[in-house]
>>> print(open('work_39.cif').read())   # mmCIF, C-alpha atoms
data_final
loop_
_atom_site.label_atom_id
_atom_site.label_comp_id
_atom_site.auth_asym_id
_atom_site.auth_seq_id
_atom_site.Cartn_x
_atom_site.Cartn_y
_atom_site.Cartn_z
CA MET A 1263 0.00 0.00 0.00
CA GLY A 1264 1.33 3.38 -0.89
CA ALA A 1265 1.19 6.40 1.33
CA GLY A 1266 -2.11 8.21 1.43
CA HIS A 1267 -3.39 11.57 2.45
CA HIS A 1268 -5.77 12.80 5.10
CA HIS A 1269 -9.34 12.50 3.92
CA GLN A 1270 -11.83 15.20 4.82
CA LEU A 1271 -13.77 12.71 6.96
CA TYR A 1272 -10.70 11.73 8.97
CA LEU A 1273 -10.16 13.55 12.26
CA PRO A 1274 -6.51 13.14 13.37
CA GLY A 1275 -6.10 12.14 16.99
CA ASP A 1276 -4.35 9.85 19.44
CA SER A 1277 -7.24 8.28 21.30
CA VAL A 1278 -7.68 4.61 22.15
CA VAL A 1279 -10.08 4.26 19.23
CA HIS A 1280 -7.63 5.91 16.81
CA ARG A 1281 -4.89 3.47 17.84
CA LEU A 1282 -6.98 0.33 17.30
CA PRO A 1283 -6.01 -1.71 14.23
CA PRO A 1284 -8.35 -1.09 11.30
CA GLN A 1285 -9.45 -4.71 10.95
CA CYS A 1286 -10.73 -4.62 14.53
CA LYS A 1287 -12.77 -1.49 13.91
CA LEU A 1288 -14.14 -2.74 10.60
CA LEU A 1289 -15.36 -5.99 12.12
CA ALA A 1290 -16.76 -4.17 15.16
CA VAL A 1291 -18.79 -1.75 13.02
CA PHE A 1292 -20.03 -4.57 10.79
CA ALA A 1293 -21.12 -6.68 13.77
CA PHE A 1294 -22.76 -3.65 15.43
CA ALA A 1295 -24.73 -2.93 12.24
CA ILE A 1296 -25.98 -6.52 12.09
CA VAL A 1297 -27.20 -6.32 15.69
CA VAL A 1298 -28.97 -3.01 15.03
CA VAL A 1299 -30.69 -4.32 11.90
CA ALA A 1300 -31.81 -7.48 13.74
CA THR A 1301 -33.42 -5.48 16.58
CA PRO A 1302 -37.25 -5.41 16.48
CA ARG A 1303 -38.51 -1.95 15.61
CA GLU A 1304 -40.82 -1.90 18.63
CA ARG A 1305 -37.88 -1.93 21.08
CA PHE A 1306 -37.43 1.83 21.43
CA TRP A 1307 -35.25 1.51 24.51
CA ALA A 1308 -32.83 -0.77 22.66
CA PHE A 1309 -32.23 1.85 19.97
CA ALA A 1310 -31.71 4.45 22.69
CA ALA A 1311 -29.11 2.14 24.27
CA TYR A 1312 -27.32 1.76 20.93
CA ALA A 1313 -27.21 5.55 20.58
CA VAL A 1314 -25.69 5.82 24.05
CA LEU A 1315 -23.05 3.25 23.09
CA LEU A 1316 -22.10 5.26 20.01
CA GLY A 1317 -22.02 8.42 22.12
CA ALA A 1318 -19.58 6.70 24.48
CA VAL A 1319 -17.36 5.71 21.53
CA ALA A 1320 -17.41 9.30 20.23
CA LEU A 1321 -16.49 10.54 23.70
CA VAL A 1322 -13.56 8.12 24.02
CA ALA A 1323 -12.42 8.96 20.48
CA ARG A 1324 -12.76 12.71 21.17
CA VAL A 1325 -14.99 13.20 18.13
CA PRO A 1326 -17.20 16.28 18.71
CA GLY A 1327 -20.94 15.85 18.38
CA THR A 1328 -21.10 18.80 15.98
CA TYR A 1329 -18.59 17.05 13.74
CA VAL A 1330 -20.82 13.97 13.55
CA LEU A 1331 -23.99 16.01 12.99
CA ARG A 1332 -22.49 17.95 10.07
CA ARG A 1333 -21.51 14.75 8.31
CA MET A 1334 -24.89 13.16 8.83
CA ALA A 1335 -26.16 15.26 5.91
CA ILE A 1336 -25.54 12.17 3.78
CA GLU A 1337 -28.63 10.68 5.44
CA VAL A 1338 -30.98 13.38 4.14
CA PRO A 1339 -32.31 11.30 1.18
CA PHE A 1340 -33.23 8.49 3.59
CA VAL A 1341 -34.97 10.96 5.88
CA LEU A 1342 -37.04 12.40 3.03
CA PHE A 1343 -37.97 8.91 1.87
CA ALA A 1344 -38.95 7.90 5.40
CA PHE A 1345 -41.21 10.95 5.77
CA LEU A 1346 -43.04 10.03 2.55
CA ILE A 1347 -43.83 6.46 3.61
CA PRO A 1348 -46.57 7.33 6.17
CA VAL A 1349 -48.19 9.72 3.69
CA ILE A 1350 -48.46 7.26 0.79
CA GLY A 1351 -48.68 4.08 2.88
CA LEU A 1352 -51.75 1.86 3.01
CA GLY A 1353 -53.54 0.17 5.88
CA GLU A 1354 -54.84 1.63 9.12
CA ARG A 1355 -54.72 5.42 9.32
CA THR A 1356 -54.17 7.77 12.23
CA THR A 1357 -54.15 11.56 12.56
CA VAL A 1358 -50.90 13.29 13.50
CA LEU A 1359 -50.80 17.11 13.57
CA GLY A 1360 -53.89 17.22 11.40
CA MET A 1361 -52.48 14.83 8.78
CA SER A 1362 -53.86 11.39 8.01
CA LEU A 1363 -50.94 8.97 8.14
CA SER A 1364 -50.58 5.24 7.66
CA VAL A 1365 -49.83 3.36 10.88
CA PRO A 1366 -47.75 0.67 9.11
CA GLY A 1367 -46.04 3.51 7.24
CA LEU A 1368 -45.15 5.22 10.52
CA TRP A 1369 -43.61 2.01 11.81
CA ALA A 1370 -41.66 1.55 8.57
CA ALA A 1371 -40.44 5.17 8.67
CA TRP A 1372 -39.27 4.78 12.26
CA ASN A 1373 -37.54 1.51 11.42
CA ILE A 1374 -35.64 3.09 8.51
CA LEU A 1375 -34.70 6.26 10.39
CA ALA A 1376 -33.55 4.55 13.58
CA LYS A 1377 -31.44 1.86 11.97
CA ALA A 1378 -30.05 4.04 9.17
CA THR A 1379 -29.10 6.79 11.62
CA LEU A 1380 -27.24 4.41 13.92
CA GLY A 1381 -25.45 2.85 10.95
CA VAL A 1382 -24.45 6.23 9.56
CA ILE A 1383 -23.12 7.41 12.93
CA ALA A 1384 -21.08 4.22 13.34
CA SER A 1385 -19.63 4.68 9.83
CA ILE A 1386 -18.81 8.33 10.53
CA LEU A 1387 -16.97 7.37 13.71
CA LEU A 1388 -15.03 4.72 11.79
CA ALA A 1389 -14.05 7.23 9.09
CA ALA A 1390 -13.22 9.89 11.68
CA THR A 1391 -10.79 7.64 13.53
CA THR A 1392 -9.23 5.68 10.64
CA GLU A 1393 -7.45 6.95 7.55
CA PRO A 1394 -8.93 5.59 4.30
CA ARG A 1395 -5.69 3.88 3.23
CA VAL A 1396 -5.49 2.21 6.65
CA ILE A 1397 -9.07 0.99 6.29
CA LEU A 1398 -8.01 -0.75 3.09
CA ILE A 1399 -5.12 -2.40 4.92
CA GLY A 1400 -7.66 -3.64 7.47
CA ALA A 1401 -9.82 -4.97 4.65
CA GLN A 1402 -6.84 -6.95 3.38
CA ARG A 1403 -6.22 -8.32 6.85
CA LEU A 1404 -9.85 -9.49 6.97
CA ARG A 1405 -9.31 -11.37 3.69
CA LEU A 1406 -11.78 -9.34 1.66
CA PRO A 1407 -11.56 -10.04 -2.10
CA ALA A 1408 -8.19 -8.70 -3.24
CA LEU A 1409 -9.59 -7.31 -6.49
CA LEU A 1410 -12.20 -5.20 -4.68
CA VAL A 1411 -9.59 -3.89 -2.25
CA GLN A 1412 -7.27 -2.92 -5.12
CA ILE A 1413 -10.09 -1.15 -6.97
CA ALA A 1414 -10.92 0.82 -3.82
CA MET A 1415 -7.25 1.63 -3.33
CA PHE A 1416 -6.83 3.05 -6.84
CA MET A 1417 -10.11 4.93 -6.56
CA LEU A 1418 -8.88 6.55 -3.35
CA ARG A 1419 -5.45 7.28 -4.79
CA TYR A 1420 -6.56 8.78 -8.10
CA MET A 1421 -9.83 10.46 -7.13
CA ASP A 1422 -8.09 13.77 -6.48
CA VAL A 1423 -6.24 13.44 -9.80
CA ILE A 1424 -9.52 13.03 -11.71
CA VAL A 1425 -11.18 15.86 -9.82
CA ASP A 1426 -8.22 18.14 -10.58
CA GLU A 1427 -8.44 17.15 -14.24
CA MET A 1428 -12.12 18.12 -14.23
CA ARG A 1429 -11.28 21.46 -12.66
CA ARG A 1430 -8.64 22.23 -15.30
CA MET A 1431 -11.08 21.35 -18.09
CA ARG A 1432 -13.71 23.63 -16.57
CA VAL A 1433 -11.21 26.49 -16.30
CA ALA A 1434 -10.19 25.92 -19.93
CA ARG A 1435 -13.82 26.08 -21.08
CA GLU A 1436 -14.58 29.21 -19.09
CA SER A 1437 -11.39 30.92 -20.28
CA ARG A 1438 -12.79 30.56 -23.80
CA GLY A 1439 -16.06 32.21 -22.85
CA PHE A 1440 -18.13 29.09 -22.23
CA GLU A 1441 -21.03 29.32 -19.76
CA ALA A 1442 -23.37 26.43 -19.01
CA ARG A 1443 -26.65 28.35 -18.92
CA ASP A 1444 -29.18 26.02 -20.58
CA LEU A 1445 -29.60 22.71 -22.42
CA ARG A 1446 -27.86 24.04 -25.53
CA GLN A 1447 -24.53 23.65 -23.72
CA VAL A 1448 -25.13 19.94 -22.96
CA PRO A 1449 -23.17 18.70 -26.03
CA VAL A 1450 -20.08 20.60 -24.85
CA ILE A 1451 -20.37 19.10 -21.35
CA ALA A 1452 -20.88 15.65 -22.89
CA ARG A 1453 -17.74 15.98 -25.02
CA SER A 1454 -15.80 17.08 -21.95
CA ALA A 1455 -17.06 14.05 -20.03
CA GLY A 1456 -16.02 11.80 -22.92
CA ALA A 1457 -12.57 13.37 -23.05
CA LEU A 1458 -12.22 12.92 -19.29
CA PHE A 1459 -13.16 9.24 -19.57
CA ILE A 1460 -10.62 8.65 -22.35
CA ARG A 1461 -7.86 10.40 -20.40
CA SER A 1462 -8.70 8.39 -17.28
CA TYR A 1463 -8.72 5.13 -19.27
CA GLU A 1464 -5.37 5.93 -20.86
CA ARG A 1465 -3.92 6.85 -17.47
CA GLY A 1466 -5.12 3.52 -16.12
CA GLU A 1467 -3.41 1.70 -19.00
CA ARG A 1468 -0.14 3.52 -18.32
CA VAL A 1469 -0.33 2.79 -14.60
CA HIS A 1470 -1.05 -0.88 -15.28
CA LEU A 1471 1.92 -1.18 -17.64
CA ALA A 1472 4.14 0.54 -15.10
CA MET A 1473 2.98 -1.93 -12.44
CA LEU A 1474 3.68 -4.91 -14.68
CA SER A 1475 7.16 -3.62 -15.43
CA ARG A 1476 7.78 -3.55 -11.67
CA GLY A 1477 6.71 -7.15 -11.12
CA TYR A 1478 3.00 -6.81 -10.40
CA SER A 1479 1.39 -10.26 -10.34
CA GLY A 1480 -2.16 -9.56 -9.18
CA GLN A 1481 -1.47 -8.65 -5.56
CA MET A 1482 -0.33 -5.36 -4.12
CA PRO A 1483 2.57 -5.44 -1.65
CA ILE A 1484 1.77 -4.40 1.91
CA LEU A 1485 4.44 -1.99 3.09
CA HIS A 1486 3.05 -1.45 6.59
CA ASP A 1487 1.23 -4.48 7.91
CA ILE A 1488 -0.91 -3.94 11.01
CA SER A 1489 -1.45 -6.83 13.40
CA ALA A 1490 -3.88 -6.84 16.32
CA SER A 1491 -3.41 -8.19 19.81
CA VAL A 1492 -6.05 -10.05 21.81
CA ARG A 1493 -6.49 -6.94 24.00
CA GLN A 1494 -7.14 -4.74 20.97
CA TRP A 1495 -9.68 -7.20 19.60
CA GLY A 1496 -11.38 -7.21 22.97
CA ILE A 1497 -11.59 -3.41 23.12
CA ALA A 1498 -12.95 -3.15 19.58
CA LEU A 1499 -15.50 -5.94 19.93
CA ALA A 1500 -16.82 -4.51 23.20
CA LEU A 1501 -19.19 -2.31 21.18
CA PRO A 1502 -20.99 -5.12 19.31
CA ALA A 1503 -20.79 -7.36 22.39
CA VAL A 1504 -22.69 -4.86 24.55
CA ALA A 1505 -25.09 -4.20 21.67
CA LEU A 1506 -25.68 -7.95 21.39
CA ALA A 1507 -26.46 -8.09 25.12
CA VAL A 1508 -29.00 -5.29 24.66
CA TRP A 1509 -30.45 -7.16 21.67
CA GLY A 1510 -30.83 -10.28 23.81
CA LEU A 1511 -32.74 -8.32 26.46
CA SER A 1512 -34.99 -6.83 23.79
CA TRP A 1513 -36.46 -10.29 23.12
#
>>> encode(input="work_39.cif", output="structure tokens")
Amino acid sequence: MGAGHHHQLYLPGDSVVHRLPPQCKLLAVFAFAIVVVATPRERFWAFAAYAVLLGAVALVARVPGTYVLRRMAIEVPFVLFAFLIPVIGLGERTTVLGMSLSVPGLWAAWNILAKATLGVIASILLAATTEPRVILIGAQRLRLPALLVQIAMFMLRYMDVIVDEMRRMRVARESRGFEARDLRQVPVIARSAGALFIRSYERGERVHLAMLSRGYSGQMPILHDISASVRQWGIALALPAVALAVWGLSW
């Protein structure tokens, strides 16, 4: 794995959570998500307990609540969808604030919001305490498909390159008096997108040839392997373990 750069979601720190190996945190978040999804939607107190657990993790990791809230904007489409379900849902109806809403729709909306919110918060905490390139090292340690890990690695490494290429193309268009004001400019944007795709494809070919010339055989070398001790596994898996205990009580 080559050296990476700080992602905008990563919050540098030296907390216990930051120091945990990435494979431990990945497995902990995955197990926590499974427990949350398996929890019956009627167990309100269980979801409250999960939220408290995530709050404790954020406190230990020194991740401010405002930081998490700002990055929860990614959940907005799910929230809008959840609000529509009671309106268009069928079945028994009830009146809430003067609106006739579907009772099954209200339950479905709550189920989506509660579980999606907890999953998003857990993912944000993972991203805030683990650099993206380190997460990929953890994925390798967990024996995820090597091809998927390599695709994610190259996407992470070259995303900024592609974005910078797009910016230069936009500046070039605007320097020649181009303004995207209506649909008549769509062909120009389409040609730019095609040119960007061709340049990206050619860059990928050059990178692949360069890798082959350096002995690439289908697997990327790991320059900084990260092992985990039994204690670190125990700390990381404490989150899903407590969540599992709450899940057991919810039945």
>>> closest_residue(input="work_39.cif", among="A:Val1341, A:Ala1401, A:Ala1323, A:Leu1445", to="His1280 in chain A", atoms="all atoms listed in the file")
A:Ala1323
>>> residues_around(input="work_39.cif", residues="range 1418-1429 of chain A", least_positions_apart="5", cutoff="8 Å", atoms="all atoms listed in the file", output="ChimeraX atom specification")
/A:1266,1394-1395,1458,1462
>>> write_last_selection(input="work_39.cif", atoms="C-alpha atoms", output="compact mmCIF listing (two decimals), in the coordinates of the input")
# COMPACT_ATOMS: atom_id res chain seq x y z
CA GLY A 1266 -2.11 8.21 1.43
CA PRO A 1394 -8.93 5.59 4.30
CA ARG A 1395 -5.69 3.88 3.23
CA LEU A 1458 -12.22 12.92 -19.29
CA SER A 1462 -8.70 8.39 -17.28
>>> residues_around(input="work_39.cif", residues="Pro1283 in chain A", least_positions_apart="2", cutoff="6 Å", atoms="only C-alpha atoms", output="list in words")
Gln1285, Cys1286 and Ala1490 of chain A
>>> residues_around(input="work_39.cif", residues="range 1329-1332 of chain A", least_positions_apart="4", cutoff="10 Å", atoms="only C-alpha atoms", output="PyMOL selection string")
chain A and resi 1271+1273+1320+1325+1336+1382-1384+1386-1387+1390
>>> resolve_selection(input="work_39.cif", expression="the PyMOL selection byres ((chain A and resi 1471-1482) around 9)", output="short mmCIF file (atom, residue, chain, number, x, y, z; two decimals) with C-alpha atoms, in the coordinates of the input")
data_model
loop_
_atom_site.label_atom_id
_atom_site.label_comp_id
_atom_site.auth_asym_id
_atom_site.auth_seq_id
_atom_site.Cartn_x
_atom_site.Cartn_y
_atom_site.Cartn_z
CA MET A 1263 0.00 0.00 0.00
CA ALA A 1408 -8.19 -8.70 -3.24
CA LEU A 1409 -9.59 -7.31 -6.49
CA GLN A 1412 -7.27 -2.92 -5.12
CA GLY A 1466 -5.12 3.52 -16.12
CA GLU A 1467 -3.41 1.70 -19.00
CA ARG A 1468 -0.14 3.52 -18.32
CA VAL A 1469 -0.33 2.79 -14.60
CA HIS A 1470 -1.05 -0.88 -15.28
CA PRO A 1483 2.57 -5.44 -1.65
CA ILE A 1484 1.77 -4.40 1.91
#
>>> closest_residue(input="work_39.cif", among="A:Ile1397, A:Ser1385, A:Phe1343, A:Ala1505", to="Ala1371 in chain A", atoms="all atoms listed in the file")
A:Phe1343
>>> atom_distance(input="work_39.cif", atom1="CA of Leu1289 in chain A", atom2="CA of Phe1306 in chain A")
25.2 Å
>>> atom_distance(input="work_39.cif", atom1="CA of Gly1327 in chain A", atom2="CA of Leu1499 in chain A")
22.5 Å
>>> atom_distance(input="work_39.cif", atom1="CA of Arg1324 in chain A", atom2="CA of Gly1275 in chain A")
7.9 Å
>>> axis_aligned_box(input="work_39.cif", around="range 1462-1465 of chain A", padding_each_side="5 Å", output="lines of an AutoDock Vina configuration file")
center_x = -6.3
center_y = 6.8
center_z = -19.1
size_x = 14.8
size_y = 13.3
size_z = 13.6
